[in-house]
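Trainee: Just query37.cif, nothing more (mmCIF, C-alpha atoms and all ligand atoms):
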```cif
data_input
loop_
_atom_site.label_atom_id
_atom_site.label_comp_id
_atom_site.auth_asym_id
_atom_site.auth_seq_id
_atom_site.Cartn_x
_atom_site.Cartn_y
_atom_site.Cartn_z
CA MET A 1 0.00 0.00 0.00
CA THR A 2 1.27 3.47 -0.87
CA ARG A 3 0.12 6.29 1.33
CA LEU A 4 -0.91 9.22 -0.84
CA THR A 5 -1.67 12.68 0.56
CA LEU A 6 -3.69 15.08 -1.55
CA ILE A 7 -3.21 18.69 -0.51
CA VAL A 8 -6.04 21.00 -1.51
CA PRO A 9 -5.67 24.73 -0.78
CA CYS A 10 -9.14 26.28 -0.48
CA TYR A 11 -10.03 29.93 -0.29
CA ASN A 12 -13.75 30.63 -0.50
CA GLU A 13 -14.42 27.47 -2.47
CA GLU A 14 -17.87 26.54 -1.08
CA ALA A 15 -19.26 26.41 -4.61
CA ALA A 16 -16.55 24.18 -6.04
CA LEU A 17 -15.85 21.82 -3.13
CA PRO A 18 -18.89 19.48 -3.38
CA VAL A 19 -18.21 18.82 -7.09
CA PHE A 20 -14.50 18.52 -6.38
CA CYS A 21 -14.90 15.96 -3.59
CA GLU A 22 -17.17 13.79 -5.68
CA ARG A 23 -14.84 13.70 -8.65
CA VAL A 24 -11.60 13.32 -6.72
CA ASP A 25 -13.08 10.56 -4.56
CA ALA A 26 -14.10 8.57 -7.61
CA VAL A 27 -10.59 8.81 -9.04
CA VAL A 28 -8.66 8.14 -5.84
CA SER A 29 -10.79 5.18 -4.74
CA ALA A 30 -9.99 3.52 -8.06
CA LEU A 31 -6.21 3.98 -7.78
CA PRO A 32 -4.60 0.58 -7.22
CA GLY A 33 -2.63 0.00 -4.01
CA VAL A 34 -3.23 3.45 -2.62
CA GLU A 35 -4.28 4.52 0.85
CA ALA A 36 -5.43 8.11 0.48
CA GLU A 37 -5.37 11.05 2.84
CA PHE A 38 -7.20 14.23 1.85
CA LEU A 39 -5.66 17.30 3.41
CA PHE A 40 -7.72 20.44 2.89
CA VAL A 41 -6.14 23.74 3.84
CA ASP A 42 -8.72 26.44 4.45
CA ASP A 43 -6.86 29.66 3.77
CA GLY A 44 -9.02 31.95 5.92
CA SER A 45 -12.19 31.55 3.86
CA THR A 46 -15.08 33.86 4.70
CA ASP A 47 -17.78 31.67 3.17
CA ALA A 48 -19.03 28.21 4.17
CA THR A 49 -15.82 26.41 3.23
CA LEU A 50 -14.79 25.61 6.81
CA PRO A 51 -18.16 24.20 7.97
CA PHE A 52 -18.20 22.11 4.82
CA LEU A 53 -14.75 20.71 5.62
CA ARG A 54 -15.70 20.01 9.25
CA ALA A 55 -18.73 18.07 8.13
CA LEU A 56 -16.73 16.23 5.51
CA ALA A 57 -14.06 15.21 8.04
CA GLU A 58 -16.75 13.83 10.28
CA ARG A 59 -18.20 11.69 7.52
CA ASP A 60 -14.92 10.53 6.03
CA ARG A 61 -11.93 9.40 8.07
CA ARG A 62 -9.55 9.94 5.18
CA VAL A 63 -10.18 13.67 5.41
CA ARG A 64 -8.11 16.08 7.48
CA TYR A 65 -8.30 19.85 7.42
CA LEU A 66 -6.26 22.81 8.57
CA SER A 67 -7.78 26.24 8.91
CA PHE A 68 -5.80 29.51 9.01
CA SER A 69 -6.56 32.47 11.23
CA ARG A 70 -6.81 34.67 8.12
CA ASN A 71 -6.02 34.58 4.41
CA PHE A 72 -2.28 33.93 4.08
CA GLY A 73 -2.23 33.14 0.37
CA LYS A 74 -1.96 29.97 -1.64
CA GLU A 75 1.80 29.70 -1.13
CA ALA A 76 1.32 29.55 2.65
CA ALA A 77 -1.53 27.06 2.25
CA MET A 78 0.66 24.76 0.16
CA TYR A 79 3.50 25.02 2.68
CA ALA A 80 1.20 24.15 5.58
CA GLY A 81 -0.13 21.22 3.58
CA LEU A 82 3.33 19.90 2.81
CA GLN A 83 4.28 20.20 6.49
CA ALA A 84 1.22 18.29 7.66
CA ALA A 85 1.23 15.65 4.91
CA THR A 86 2.00 12.13 6.10
CA GLY A 87 2.02 10.33 2.75
CA ASP A 88 4.93 8.64 0.98
CA LEU A 89 3.63 10.39 -2.10
CA VAL A 90 2.18 13.87 -1.98
CA ALA A 91 0.05 15.66 -4.56
CA ILE A 92 -1.10 19.27 -4.62
CA LEU A 93 -4.23 20.20 -6.53
CA ASP A 94 -6.62 23.14 -6.75
CA ALA A 95 -10.14 22.91 -5.42
CA ASP A 96 -11.71 24.35 -8.56
CA LEU A 97 -11.09 21.26 -10.74
CA GLN A 98 -8.77 23.19 -13.02
CA ASP A 99 -6.33 20.42 -12.11
CA PRO A 100 -8.15 17.32 -13.43
CA PRO A 101 -7.85 14.63 -10.72
CA GLU A 102 -7.98 11.96 -13.47
CA LEU A 103 -4.35 12.80 -14.26
CA LEU A 104 -3.35 11.08 -11.00
CA GLU A 105 -3.95 7.77 -12.78
CA GLU A 106 -1.26 8.76 -15.24
CA MET A 107 1.11 10.24 -12.66
CA LEU A 108 1.16 7.34 -10.25
CA PRO A 109 2.76 4.70 -12.53
CA LEU A 110 5.39 7.23 -13.63
CA ILE A 111 6.47 7.81 -10.03
CA ARG A 112 6.21 4.15 -9.13
CA SER A 113 8.50 3.21 -12.03
CA GLY A 114 11.23 4.98 -10.05
CA GLN A 115 12.22 6.96 -13.13
CA TYR A 116 10.91 10.24 -11.77
CA ASP A 117 10.69 11.96 -8.39
CA CYS A 118 7.99 14.32 -9.50
CA VAL A 119 5.30 14.41 -12.16
CA ALA A 120 4.06 17.91 -12.81
CA VAL A 121 1.47 19.44 -15.09
CA ARG A 122 1.90 22.25 -17.53
CA ARG A 123 -0.79 23.74 -19.67
CA VAL A 124 0.09 24.30 -23.26
CA THR A 125 -2.85 26.53 -24.09
CA ARG A 126 -4.24 29.55 -22.32
CA LYS A 127 -7.70 29.21 -23.79
CA GLY A 128 -10.43 31.05 -21.91
CA GLU A 129 -8.03 33.56 -20.43
CA PRO A 130 -8.08 37.29 -21.23
CA ALA A 131 -5.66 37.97 -24.11
CA ILE A 132 -3.82 40.69 -22.22
CA ARG A 133 -3.22 38.34 -19.31
CA SER A 134 -1.71 35.67 -21.61
CA LEU A 135 0.50 38.29 -23.22
CA PHE A 136 1.89 39.45 -19.89
CA ALA A 137 2.26 35.88 -18.63
CA ARG A 138 4.32 34.90 -21.67
CA ALA A 139 6.49 38.00 -21.32
CA PHE A 140 7.00 37.21 -17.64
CA TYR A 141 8.25 33.68 -18.31
CA ARG A 142 10.61 34.90 -21.04
CA LEU A 143 11.99 37.55 -18.70
CA ILE A 144 12.38 35.45 -15.57
CA ASN A 145 14.14 32.68 -17.49
CA LYS A 146 16.59 35.23 -18.87
CA VAL A 147 17.45 36.72 -15.50
CA SER A 148 17.25 33.64 -13.26
CA ARG A 149 19.37 30.53 -13.23
CA THR A 150 16.42 28.55 -11.85
CA GLN A 151 14.34 27.29 -14.76
CA ILE A 152 10.71 28.39 -14.48
CA VAL A 153 8.53 26.48 -16.91
CA ASP A 154 5.94 28.45 -18.90
CA GLY A 155 2.42 27.39 -18.02
CA ALA A 156 3.55 25.18 -15.14
CA ARG A 157 0.75 24.65 -12.67
CA ASP A 158 1.25 23.90 -9.01
CA TYR A 159 -0.46 20.56 -9.69
CA ARG A 160 2.08 17.79 -9.13
CA LEU A 161 2.75 14.45 -7.51
CA MET A 162 5.99 14.19 -5.53
CA THR A 163 7.95 11.68 -3.52
CA ARG A 164 8.43 12.09 0.22
CA GLN A 165 12.10 12.87 -0.40
CA MET A 166 11.26 15.85 -2.60
CA VAL A 167 8.67 17.12 -0.13
CA ASP A 168 11.26 17.04 2.65
CA SER A 169 13.65 19.02 0.48
CA ILE A 170 10.99 21.64 -0.23
CA LEU A 171 10.29 21.95 3.49
CA GLN A 172 13.95 22.81 4.06
CA LEU A 173 13.34 26.06 2.21
CA THR A 174 11.72 28.06 4.96
CA GLU A 175 11.69 31.47 3.31
CA VAL A 176 8.70 33.69 3.97
CA ASN A 177 8.47 35.02 0.40
CA ARG A 178 7.54 31.76 -1.22
CA PHE A 179 7.41 31.43 -4.99
CA SER A 180 6.60 27.76 -5.44
CA LYS A 181 7.12 27.61 -9.19
CA GLY A 182 10.73 28.51 -8.47
CA ILE A 183 11.10 26.41 -5.32
CA PHE A 184 9.92 23.21 -7.03
CA SER A 185 12.50 23.75 -9.72
CA TRP A 186 15.27 24.90 -7.37
CA VAL A 187 15.24 21.70 -5.29
CA GLY A 188 16.00 19.76 -8.46
CA TYR A 189 15.02 16.07 -8.81
CA ARG A 190 13.81 14.40 -11.96
CA THR A 191 10.54 15.93 -13.10
CA HIS A 192 8.30 14.61 -15.82
CA TRP A 193 5.94 17.13 -17.41
CA LEU A 194 2.44 16.21 -18.49
CA GLU A 195 1.01 18.64 -21.00
CA VAL A 196 -2.66 19.53 -20.78
CA GLU A 197 -5.15 21.96 -22.27
CA ASN A 198 -6.33 24.77 -20.05
CA ALA A 199 -9.43 23.77 -18.09
CA GLN A 200 -12.07 26.22 -16.94
CA ARG A 201 -12.95 26.68 -13.30
CA ALA A 202 -15.77 24.33 -12.18
CA ALA A 203 -17.46 27.02 -10.05
CA GLY A 204 -16.75 30.20 -8.13
CA GLN A 205 -14.37 33.03 -8.99
CA THR A 206 -10.62 33.22 -9.50
CA LYS A 207 -8.83 34.88 -6.54
CA TRP A 208 -6.20 36.45 -8.77
CA SER A 209 -6.76 39.92 -10.13
CA PHE A 210 -4.46 41.17 -12.86
CA PHE A 211 -2.77 43.49 -10.36
CA LYS A 212 -2.21 40.65 -7.86
CA LEU A 213 -0.63 38.58 -10.64
CA CYS A 214 1.73 41.44 -11.53
CA LEU A 215 2.87 41.71 -7.91
CA TYR A 216 3.30 37.93 -7.78
CA ALA A 217 5.43 38.08 -10.93
CA MET A 218 7.62 40.78 -9.39
CA ASP A 219 8.01 38.71 -6.21
CA GLY A 220 9.07 35.77 -8.33
CA ILE A 221 11.77 37.73 -10.10
CA ILE A 222 13.08 39.18 -6.84
CA ALA A 223 13.05 35.79 -5.12
CA PHE A 224 14.95 33.99 -7.87
CA SER A 225 17.21 36.57 -9.43
CA THR A 226 19.47 39.44 -8.48
CA ALA A 227 19.66 40.64 -12.08
CA PRO A 228 17.66 43.83 -11.40
CA LEU A 229 20.41 44.90 -9.01
CA ALA A 230 23.00 44.35 -11.70
CA ILE A 231 20.87 46.33 -14.15
CA ALA A 232 20.91 49.25 -11.72
CA SER A 233 24.71 49.14 -11.57
CA VAL A 234 25.06 48.90 -15.35
CA LEU A 235 22.68 51.83 -15.87
CA GLY A 236 24.68 53.92 -13.39
CA LEU A 237 27.93 53.11 -15.17
CA ALA A 238 26.45 53.84 -18.60
CA PHE A 239 25.26 57.25 -17.47
CA CYS A 240 28.68 58.09 -16.02
CA VAL A 241 30.27 57.34 -19.39
CA ILE A 242 27.71 59.46 -21.23
CA ALA A 243 28.22 62.32 -18.77
CA PHE A 244 31.99 62.11 -19.17
CA ILE A 245 31.75 62.32 -22.97
CA ALA A 246 29.35 65.28 -22.67
CA ILE A 247 31.74 67.12 -20.35
CA ILE A 248 34.64 66.72 -22.80
CA PHE A 249 32.34 67.90 -25.59
CA VAL A 250 31.32 71.02 -23.67
CA ILE A 251 34.92 71.89 -22.70
CA VAL A 252 36.16 71.51 -26.27
CA ARG A 253 33.26 73.58 -27.61
CA GLN A 254 33.98 76.31 -25.02
CA LEU A 255 37.68 76.39 -25.98
CA ILE A 256 36.97 76.61 -29.72
CA TRP A 257 33.80 78.73 -29.97
CA GLY A 258 33.28 80.04 -26.44
CA GLY A 259 29.88 80.90 -24.90
CA SER A 260 28.76 77.31 -24.35
CA ALA A 261 26.24 78.17 -21.61
CA PHE A 262 23.15 77.62 -23.70
CA GLY A 263 20.58 74.94 -23.98
CA TRP A 264 18.93 75.18 -20.57
CA PRO A 265 15.77 73.34 -21.69
CA SER A 266 17.82 70.34 -22.76
CA MET A 267 19.65 70.54 -19.44
CA VAL A 268 16.36 70.31 -17.56
CA CYS A 269 15.34 67.30 -19.64
CA ILE A 270 18.61 65.54 -18.92
CA LEU A 271 18.33 66.35 -15.22
CA LEU A 272 14.82 64.91 -15.02
CA PHE A 273 15.82 61.84 -17.00
CA VAL A 274 18.82 61.09 -14.83
CA THR A 275 16.98 61.65 -11.55
CA GLY A 276 14.27 59.35 -12.89
CA ILE A 277 16.83 56.62 -13.51
CA GLN A 278 18.26 57.19 -10.04
CA LEU A 279 14.90 56.84 -8.37
CA PHE A 280 14.19 53.73 -10.44
CA CYS A 281 17.43 52.14 -9.24
CA ILE A 282 16.78 53.10 -5.63
CA GLY A 283 13.36 51.51 -6.07
CA ILE A 284 14.95 48.23 -7.17
CA LEU A 285 17.26 48.38 -4.17
CA GLY A 286 14.24 49.05 -1.97
CA GLN A 287 12.46 45.98 -3.29
CA TYR A 288 15.32 43.71 -2.26
CA LEU A 289 15.74 45.51 1.04
CA SER A 290 12.04 45.13 1.87
CA LYS A 291 12.15 41.41 1.10
CA THR A 292 15.26 41.06 3.27
CA TYR A 293 13.46 42.97 6.03
CA LEU A 294 10.50 40.61 5.88
CA GLU A 295 12.80 37.58 5.89
CA VAL A 296 14.87 38.64 8.89
CA LYS A 297 11.74 39.20 10.96
CA ARG A 298 11.25 35.44 10.70
CA ARG A 299 7.52 35.62 11.11
CA PRO A 300 5.62 32.35 10.74
CA ILE A 301 4.40 31.61 7.22
CA TYR A 302 0.87 30.93 8.46
CA ILE A 303 -1.09 30.79 11.71
CA LEU A 304 -3.36 27.86 12.39
CA ARG A 305 -6.72 28.51 14.04
CA GLU A 306 -8.20 25.08 13.83
CA SER A 307 -7.44 21.63 12.54
CA GLY A 308 -9.26 18.34 12.62
CA GLY A 309 -10.18 15.07 11.01
CA GLY A 310 -8.03 12.04 10.35
CA GLU A 311 -7.49 8.89 12.36
CA GLY A 312 -7.49 10.37 15.86
CA HIS A 313 -10.81 12.01 15.19
CA ALA A 314 -13.91 10.52 16.78
CA PRO A 315 -17.00 10.78 14.58
CA GLN A 316 -20.04 12.09 16.45
CA ASP A 317 -22.48 9.41 15.36
N1 LIG B 401 -6.19 29.83 -3.03
C1 LIG B 401 -5.77 29.88 -1.71
N2 LIG B 401 -5.49 31.11 -1.14
C2 LIG B 401 -5.58 32.27 -1.84
C3 LIG B 401 -5.98 32.19 -3.20
C4 LIG B 401 -6.27 30.96 -3.76
O1 LIG B 401 -5.66 28.86 -1.04
O2 LIG B 401 -5.31 33.33 -1.29
C5 LIG B 401 -6.51 28.52 -3.64
C6 LIG B 401 -7.88 28.44 -4.30
O3 LIG B 401 -8.88 28.07 -3.39
C7 LIG B 401 -7.67 27.38 -5.37
C8 LIG B 401 -6.21 27.58 -5.76
O4 LIG B 401 -5.60 28.27 -4.67
O5 LIG B 401 -7.84 26.07 -4.86
C9 LIG B 401 -6.04 28.35 -7.04
O6 LIG B 401 -6.74 29.58 -6.96
P1 LIG B 401 -7.55 30.18 -8.18
O7 LIG B 401 -8.33 29.11 -8.84
O8 LIG B 401 -8.29 31.37 -7.68
O9 LIG B 401 -6.37 30.65 -9.13
P2 LIG B 401 -6.27 30.44 -10.72
O10 LIG B 401 -6.59 29.01 -10.99
O11 LIG B 401 -7.25 31.38 -11.31
O12 LIG B 401 -4.85 30.78 -11.01
MG MG B 402 -8.16 28.04 -10.53
#
```
Would you write the structure of this file as structure tokens?
Mentor:
Amino acid sequence: MTRLTLIVPCYNEEAALPVFCERVDAVVSALPGVEAEFLFVDDGSTDATLPFLRALAERDRRVRYLSFSRNFGKEAAMYAGLQAATGDLVAILDADLQDPPELLEEMLPLIRSGQYDCVAVRRVTRKGEPAIRSLFARAFYRLINKVSRTQIVDGARDYRLMTRQMVDSILQLTEVNRFSKGIFSWVGYRTHWLEVENAQRAAGQTKWSFFKLCLYAMDGIIAFSTAPLAIASVLGLAFCVIAFIAIIFVIVRQLIWGGSAFGWPSMVCILLFVTGIQLFCIGILGQYLSKTYLEVKRRPIYILRESGGGEGHAPQD
């Protein structure tokens, strides 16, 4: 028997959870030689997600749940899940059925063959997504792979099945600013990619606004690359060289023709441009400093308010 833990981060998923449970149960019950554990992480939901999970855990002994004191984000939910998981194999999947549970049937033999430590899913289409979002997403992946030595796969979902060994490695990375797409890749191991079409949400709303995604992208770049800092240095150097050439030019012009104190408007433009660049570079520095600040505070990644279910749990009836 292989013990398999399914981690499901849930944030206001009352609409999707009933459908999800039905479908995932059908798939998991049919997996050969598997003893399943369902680990739901309620990420501070404000709807009926938590009562639903409580009731579910009472009915089904395979179900455990963790509930946060507030919304800490999906990254924190996944971390908590990985910490609490007891399985020899661990899978992470979304509650909205955008990660088809049927794929587990394909993933399991691949891991069991011993050829891979991780089977992950990447979507090859972005059908059903706003065009502007796809455009920015593509640009982001091109950029981050240029500036970071950690390979970040375009369209990679967080949906994956991993061995216990890989999970333990991930748990060694205790940083507060978690960017899982990078962390999964950073720990290494042999990963097999399954390619799927984009699936629509089963129910409910996405929790990611365009603005939130942009911030997430910026966090990812800062967490896995120091290239922006180098860019700031290069820009500074380039402007010094330009300034030096301009000074020589002005001196020579003064010596030959005299009266070189003209062109104040252009001077103002240059001044504004250069101060702009300076502020931009200080901004980059600030981004890294702020992340460092948050890391050194060593605050917990999440705070648990309630947990339940599992073997030690006595059903009420
Ligand atoms: N999620 C979470 N905390 C959050 C936001 C999302 O645990 O702050 C969960 C959510 O319940 C879902 C998964 O993360 O199971 C993916 O979220 P969503 O479907 O909104 O993102 P998308 O699929 O649109 O990228
Ligand atoms: Mg989704």
Trainee: May I ask which of the residues A:Ala199, A:Val147, A:Leu82, A:Ile248 is the closest one to ligand MG 402 (chain B), counting only C-alpha atoms and all ligand atoms?
Mentor: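 The shortest atom-to-atom distance to ligand MG 402 (chain B) comes from A:Ala199.
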Trainee: Counting all atoms listed in the file, which residue out of A:Ile231, A:Leu161, A:Ile132, A:Ile183 sits closest to Leu110 (chain A)?
Mentor: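 Using all atoms listed in the file, the shortest distance to Leu110 (chain A) belongs to A:Leu161.
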Trainee: Which residues form the shell of 9 Å around ligand MG 402 (chain B) when you count only C-alpha atoms and all ligand atoms, given as an MDAnalysis selection string?
Mentor: chainID A and resid 94:99 199:202 205:208
Trainee: Can you write out the residues you just picked, keeping C-alpha atoms, as a PDB file, keeping the file's coordinate frame?
Mentor:
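Once written, again28.pdb looks like this:
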```pdb
ATOM      1  CA  ASP A  94      -6.620  23.140  -6.750  1.00  0.00           C
ATOM      2  CA  ALA A  95     -10.140  22.910  -5.420  1.00  0.00           C
ATOM      3  CA  ASP A  96     -11.710  24.350  -8.560  1.00  0.00           C
ATOM      4  CA  LEU A  97     -11.090  21.260 -10.740  1.00  0.00           C
ATOM      5  CA  GLN A  98      -8.770  23.190 -13.020  1.00  0.00           C
ATOM      6  CA  ASP A  99      -6.330  20.420 -12.110  1.00  0.00           C
ATOM      7  CA  ALA A 199      -9.430  23.770 -18.090  1.00  0.00           C
ATOM      8  CA  GLN A 200     -12.070  26.220 -16.940  1.00  0.00           C
ATOM      9  CA  ARG A 201     -12.950  26.680 -13.300  1.00  0.00           C
ATOM     10  CA  ALA A 202     -15.770  24.330 -12.180  1.00  0.00           C
ATOM     11  CA  GLN A 205     -14.370  33.030  -8.990  1.00  0.00           C
ATOM     12  CA  THR A 206     -10.620  33.220  -9.500  1.00  0.00           C
ATOM     13  CA  LYS A 207      -8.830  34.880  -6.540  1.00  0.00           C
ATOM     14  CA  TRP A 208      -6.200  36.450  -8.770  1.00  0.00           C
TER      15      TRP A 208
END
```
Trainee: Assuming 3 Å of padding per side, give the centre and edge lengths of the axis-aligned box around every listed atom of ligand LIG 401 (chain B), in Å to one decimal and as JSON.
Mentor:
```
{"center_x": -6.9, "center_y": 29.7, "center_z": -6.2, "size_x": 10.0, "size_y": 13.3, "size_z": 16.3}
```
Trainee: Measuring between all atoms listed in the file, which one of A:Arg190, A:Pro32, A:Gly204, A:Phe52 shows the shortest distance to ligand LIG 401 (chain B)?
Mentor: A:Gly204
Trainee: I'd like the contact shell of region 212-216 of chain A - 10 Å cut-off, all atoms listed in the file, skipping same-chain residues fewer than 5 positions apart - returned as a short mmCIF file (atom, residue, chain, number, x, y, z; two decimals) with C-alpha atoms, in the coordinates of the input.
Mentor:
```
data_model
loop_
_atom_site.label_atom_id
_atom_site.label_comp_id
_atom_site.auth_asym_id
_atom_site.auth_seq_id
_atom_site.Cartn_x
_atom_site.Cartn_y
_atom_site.Cartn_z
CA ARG A 133 -3.22 38.34 -19.31
CA PHE A 136 1.89 39.45 -19.89
CA ALA A 137 2.26 35.88 -18.63
CA PHE A 140 7.00 37.21 -17.64
CA ARG A 178 7.54 31.76 -1.22
CA PHE A 179 7.41 31.43 -4.99
CA LYS A 207 -8.83 34.88 -6.54
CA ILE A 221 11.77 37.73 -10.10
CA ILE A 222 13.08 39.18 -6.84
#
```
Trainee: Do you have the CA of Ile282 (chain A)-CA of Leu229 (chain A) distance handy?
Mentor: 9.6 Å
Trainee: Could you give me, as a ChimeraX atom specification, the residues that have an atom at most 7 Å away from the point (-1.8, -1.9, -3.8) in the coordinates of the file, using all atoms listed in the file?
Mentor: /A:1-2,32-34
Trainee: List the spatial neighbours of Leu104 (chain A) as JSON, numbers by chain - criterion: any atom at most 9 Å away, all atoms listed in the file, same-chain residues fewer than 5 positions off excluded.
Mentor: {"A": [27, 28, 31, 91, 109, 160, 161]}
Trainee: Do you have the CA of Phe72 (chain A)-CA of Tyr302 (chain A) distance handy?
Mentor: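 Atom-to-atom, CA of Phe72 (chain A) to CA of Tyr302 (chain A), that is 6.2 Å.
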